[in-house]
Structures are given as structure tokens and as C-alpha cells.
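Enquirer: Got structure-v2.pdb for you, PDB, C-alpha atoms:
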ATOM      1  CA  MET A 181      27.026  -9.064  48.753
ATOM      2  CA  PRO A 182      25.223  -8.701  52.102
ATOM      3  CA  GLU A 183      21.856  -6.922  51.983
ATOM      4  CA  TYR A 184      20.144  -5.042  54.831
ATOM      5  CA  LYS A 185      17.091  -2.898  55.488
ATOM      6  CA  ILE A 186      18.194   0.575  56.500
ATOM      7  CA  ASN A 187      17.353   0.119  60.192
ATOM      8  CA  ASP A 188      19.138  -3.236  60.422
ATOM      9  CA  VAL A 189      22.555  -2.500  58.899
ATOM     10  CA  ASP A 190      25.463  -4.304  60.556
ATOM     11  CA  PHE A 191      28.604  -2.692  59.163
ATOM     12  CA  PHE A 192      30.720  -4.950  61.381
ATOM     13  CA  ALA A 193      29.302  -8.270  60.138
ATOM     14  CA  GLU A 194      32.114 -10.619  59.122
ATOM     15  CA  ALA A 195      30.982 -10.649  55.463
ATOM     16  CA  ASN A 196      31.388  -6.848  55.288
ATOM     17  CA  LEU A 197      34.920  -6.744  56.694
ATOM     18  CA  THR A 198      36.733  -7.344  53.415
ATOM     19  CA  GLU A 199      39.993  -5.639  54.386
ATOM     20  CA  PRO A 200      42.534  -6.414  57.091
ATOM     21  CA  ALA A 201      43.037  -4.140  60.080
ATOM     22  CA  ARG A 202      46.070  -1.882  59.636
ATOM     23  CA  THR A 203      48.618  -0.165  61.863
ATOM     24  CA  ASP A 204      50.645   1.372  59.024
ATOM     25  CA  ALA A 205      51.874   4.947  59.473
ATOM     26  CA  GLU A 206      50.408   5.877  56.095
ATOM     27  CA  ALA A 207      47.895   4.282  53.731
ATOM     28  CA  TYR A 208      45.719   5.480  50.870
ATOM     29  CA  LEU A 209      42.024   5.196  50.076
ATOM     30  CA  ILE A 210      41.141   4.563  46.439
ATOM     31  CA  ASP A 211      37.729   5.118  44.860
ATOM     32  CA  GLY A 212      36.986   1.812  43.133
ATOM     33  CA  GLN A 213      34.181  -0.712  42.809
ATOM     34  CA  PRO A 214      34.274  -1.003  45.839
ATOM     35  CA  ALA A 215      36.618   1.568  47.382
ATOM     36  CA  TYR A 216      39.690   0.092  49.059
ATOM     37  CA  SER A 217      42.796   0.940  51.051
ATOM     38  CA  THR A 218      46.342   0.288  49.920
ATOM     39  CA  LEU A 219      49.918   1.026  50.919
ATOM     40  CA  GLU A 220      50.796   2.008  47.335
ATOM     41  CA  LYS A 221      50.132   5.671  46.623
ATOM     42  CA  GLY A 222      49.882   5.445  42.849
ATOM     43  CA  ASN A 223      48.090   8.156  40.903
ATOM     44  CA  ARG A 224      44.535   7.200  41.970
ATOM     45  CA  ALA A 225      44.957   7.944  45.672
ATOM     46  CA  GLU A 226      42.012  10.026  46.858
ATOM     47  CA  VAL A 227      42.750  10.260  50.582
ATOM     48  CA  THR A 228      45.880   9.760  52.635
ATOM     49  CA  VAL A 229      45.320   8.140  56.033
ATOM     50  CA  LYS A 230      48.081   9.275  58.388
ATOM     51  CA  ASN A 231      48.548   7.154  61.484
ATOM     52  CA  PRO A 232      51.788   8.228  63.220
ATOM     53  CA  LEU A 233      50.832   6.489  66.486
ATOM     54  CA  GLY A 234      50.310   3.125  64.795
ATOM     55  CA  ILE A 235      46.761   2.733  66.064
ATOM     56  CA  GLN A 236      44.952  -0.292  64.660
ATOM     57  CA  TYR A 237      42.150   0.747  62.301
ATOM     58  CA  GLN A 238      40.145  -0.855  59.536
ATOM     59  CA  PHE A 239      38.615   0.490  56.326
ATOM     60  CA  VAL A 240      35.237  -1.070  55.489
ATOM     61  CA  PRO A 241      33.922  -0.496  51.950
ATOM     62  CA  ILE A 242      30.204   0.281  51.919
ATOM     63  CA  ASP A 243      29.250   1.295  48.351
ATOM     64  CA  ASN A 244      29.415  -1.784  46.090
ATOM     65  CA  ASN A 245      30.033  -3.980  49.141
ATOM     66  CA  ILE A 246      26.950  -3.642  51.369
ATOM     67  CA  VAL A 247      23.442  -3.327  49.909
ATOM     68  CA  ILE A 248      21.183  -1.114  52.004
ATOM     69  CA  ARG A 249      17.493  -0.847  51.181
ATOM     70  CA  ARG A 250      15.026   1.761  52.345
ATOM     71  CA  ASN A 251      11.851   0.580  54.050
ATOM     72  CA  ASN A 252      10.057   0.840  50.675
ATOM     73  CA  GLY A 253      12.560  -1.619  49.129
ATOM     74  CA  GLU A 254      14.495   0.906  47.036
ATOM     75  CA  MET A 255      18.295   0.842  47.242
ATOM     76  CA  GLU A 256      19.828   3.554  49.392
ATOM     77  CA  SER A 257      22.621   5.703  47.980
ATOM     78  CA  THR A 258      25.624   5.171  50.255
ATOM     79  CA  CYS A 259      29.024   6.628  51.017
ATOM     80  CA  ASP A 260      32.157   4.852  49.806
ATOM     81  CA  GLY A 261      33.176   3.408  53.146
ATOM     82  CA  MET A 262      34.103   3.918  56.756
ATOM     83  CA  ILE A 263      37.138   3.730  58.997
ATOM     84  CA  HIS A 264      36.763   2.440  62.528
ATOM     85  CA  TYR A 265      39.165   2.027  65.422
ATOM     86  CA  GLY A 266      39.177   1.622  69.184
ATOM     87  CA  GLU A 267      37.004  -1.488  69.603
ATOM     88  CA  LYS A 268      34.552  -0.104  66.978
ATOM     89  CA  ARG A 269      33.795   2.899  69.200
ATOM     90  CA  ASN A 270      35.173   5.469  66.748
ATOM     91  CA  VAL A 271      33.699   5.496  63.248
ATOM     92  CA  PHE A 272      34.332   7.885  60.360
ATOM     93  CA  PHE A 273      32.238   7.641  57.210
ATOM     94  CA  VAL A 274      34.142   8.403  54.005
ATOM     95  CA  GLU A 275      32.867   9.786  50.707
ATOM     96  CA  LEU A 276      35.508   9.982  47.973
ATOM     97  CA  LYS A 277      34.726  12.552  45.283
ATOM     98  CA  ASP A 278      36.343  13.915  42.148
ATOM     99  CA  ARG A 279      36.334  17.622  42.955
ATOM    100  CA  SER A 280      36.730  18.724  39.349
ATOM    101  CA  GLY A 281      33.037  18.203  38.558
ATOM    102  CA  LYS A 282      30.102  20.484  39.260
ATOM    103  CA  ASP A 283      28.073  20.125  42.482
ATOM    104  CA  TRP A 284      30.486  17.615  44.047
ATOM    105  CA  ILE A 285      29.784  18.900  47.571
ATOM    106  CA  SER A 286      26.015  18.415  47.362
ATOM    107  CA  LYS A 287      26.490  14.923  45.889
ATOM    108  CA  ALA A 288      28.846  13.978  48.713
ATOM    109  CA  VAL A 289      26.466  15.297  51.360
ATOM    110  CA  GLY A 290      23.614  13.331  49.766
ATOM    111  CA  HIS A 291      25.574  10.099  49.996
ATOM    112  CA  MET A 292      26.431  10.747  53.628
ATOM    113  CA  GLY A 293      22.842  11.487  54.635
ATOM    114  CA  PHE A 294      21.801   7.847  54.975
ATOM    115  CA  ALA A 295      24.244   7.309  57.806
ATOM    116  CA  PHE A 296      22.683  10.003  59.919
ATOM    117  CA  ALA A 297      19.050  10.179  58.840
ATOM    118  CA  GLY A 298      18.099   6.501  58.887
ATOM    119  CA  GLN A 299      15.379   7.161  56.325
TER     120      GLN A 299
END
Kindly present the structure from the file in C-alpha cells form.

Expert:
Amino acid sequence: MPEYKINDVDFFAEANLTEPARTDAEAYLIDGQPAYSTLEKGNRAEVTVKNPLGIQYQFVPIDNNIVIRRNNGEMESTCDGMIHYGEKRNVFFVELKDRSGKDWISKAVGHMGFAFAGQ
């Protein structure tokens, strides 16, 4: 599993791109260890990715795929993954959460914070 300091993360490094690029009209993101995309809906589908224009995109798992350490050496809490398209110019970070639990919004926001704060 690739390991980075928080200021040196390369989400697009070959070792991190564990899934193929897709052009499918519909795919599903599953919260696993790590999260992944699939064409089979099943009963664990967390998010439906709708792509009616057939644009090429790629899901990149982050949690349990890329180790990110803070400057003090501690592991950073990360989101589940990201989707990118358009020559890597458009990036969406994804946090998959079971919404039946308490405080799921604050937990999701906490996992997303690393991407924007660069602590």
C-alpha cells in the first residue's frame, strides 16, 4: 500500500489506480476494505454513479488503499475514495456512510477535511 506525507500525496500514482476507467451509463460504489465500483447493484450499493453521456471516469479508492500521514507521523483519517474525469481536471471526493447511525454527518465531514485542510 503506497504511503505519503500529507503534503506529498499523489492520488494519480500508478500504484493507487486499482480500478479501470469506466464509460458505463450506470455503476455503483460499494463501501468495502477498500471501497470499490461495480456494475452489479446488489444490496450493498451505497451510491449510484449515473453517466448518461458515457464520459470516461475512474474511481480511486483512498481509505485502505493509500496511507496518508500527518507531518507528525500519525495516520490521517481519509475519505473512501474519489472519482476523476476530464484528464484529471475534475475530482470529486467520496465518503460513503451508513446513515442509520448517530452523528453520521459530522463523521463524514471529518473524513473529508484532510482533502481540503492539508493539515

Enquirer: I'd like to see the residues matched by the PyMOL selection byres ((chain A and resi 220-232) around 8) on this file, and ideally I'd get them as a list in words.

Expert: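 After applying the PyMOL selection byres ((chain A and resi 220-232) around 8), what remains is Thr203, Asp204, Ala205, Glu206, Ala207, Tyr208, Leu209, Ile210, Asp211, Thr218, Leu219, Leu233, Gly234, Ile235, Leu276 and Lys277 of chain A.
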
Enquirer: Within 7 Å of (41.1, 4.0, 65.9), all atoms listed in the file: residues as an MDAnalysis selection string?

Expert: chainID A and resid 235:237 264:266 270

Enquirer: Write a file of the selected residues as an mmCIF file, in the frame of the given file, keeping C-alpha atoms.

Expert:
data_model
loop_
_atom_site.group_PDB
_atom_site.id
_atom_site.type_symbol
_atom_site.label_atom_id
_atom_site.label_comp_id
_atom_site.auth_asym_id
_atom_site.auth_seq_id
_atom_site.Cartn_x
_atom_site.Cartn_y
_atom_site.Cartn_z
ATOM 1 C CA ILE A 235 46.761 2.733 66.064
ATOM 2 C CA GLN A 236 44.952 -0.292 64.660
ATOM 3 C CA TYR A 237 42.150 0.747 62.301
ATOM 4 C CA HIS A 264 36.763 2.440 62.528
ATOM 5 C CA TYR A 265 39.165 2.027 65.422
ATOM 6 C CA GLY A 266 39.177 1.622 69.184
ATOM 7 C CA ASN A 270 35.173 5.469 66.748
#

Enquirer: Enter the distance from CA of Glu183 in chain A to CA of Val240 in chain A, in Å, rounded to one decimal.

Expert: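 Separating CA of Glu183 in chain A from CA of Val240 in chain A is a distance of 15.0 Å.
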
Enquirer: Rounded to one decimal place, report the CA of Arg250 in chain A-CA of Ser217 in chain A distance in Å.

Expert: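 These two atoms are separated by 27.8 Å.
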
Enquirer: On this structure, which residues satisfy the PyMOL selection byres ((chain A and resi 199) around 8), written as a compact mmCIF listing (two decimals) with C-alpha atoms, in the frame of the given file?

Expert:
# COMPACT_ATOMS: atom_id res chain seq x y z
CA LEU A 197 34.92 -6.74 56.69
CA THR A 198 36.73 -7.34 53.42
CA PRO A 200 42.53 -6.41 57.09
CA ALA A 201 43.04 -4.14 60.08
CA TYR A 216 39.69 0.09 49.06
CA SER A 217 42.80 0.94 51.05
CA GLN A 238 40.15 -0.86 59.54
CA PHE A 239 38.62 0.49 56.33
CA VAL A 240 35.24 -1.07 55.49

Enquirer: Just to confirm, what's the straight-line distance from CA of Pro241 in chain A to CA of Asp188 in chain A in Å (one decimal)?

Expert: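 Going from CA of Pro241 in chain A over to CA of Asp188 in chain A covers 17.3 Å.
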
Enquirer: Using only C-alpha atoms, which residues sit within 12 Å of Glu254 in chain A once same-chain residues fewer than 6 positions away are excluded, as a compact mmCIF listing (two decimals) with C-alpha atoms, keeping the file's coordinate frame?

Expert:
# COMPACT_ATOMS: atom_id res chain seq x y z
CA GLU A 183 21.86 -6.92 51.98
CA TYR A 184 20.14 -5.04 54.83
CA LYS A 185 17.09 -2.90 55.49
CA ILE A 186 18.19 0.57 56.50
CA VAL A 247 23.44 -3.33 49.91
CA ILE A 248 21.18 -1.11 52.00
CA GLN A 299 15.38 7.16 56.32

Enquirer: Would you pick out the contacts of Phe191 in chain A at 9 Å or less, using all atoms listed in the file, so that residues sharing its chain but fewer than 2 positions from it are not included, and give the list as number ranges by chain?

Expert: A: 189, 193-194, 196-197, 240, 242, 246, 262

Enquirer: Neighbouring residues of Phe273 in chain A were defined as those with any atom within 8 Å, considering only C-alpha atoms; residues of the same chain fewer than 4 positions away were excluded. Please report them as a ChimeraX atom specification.

Expert: /A:259-263,292
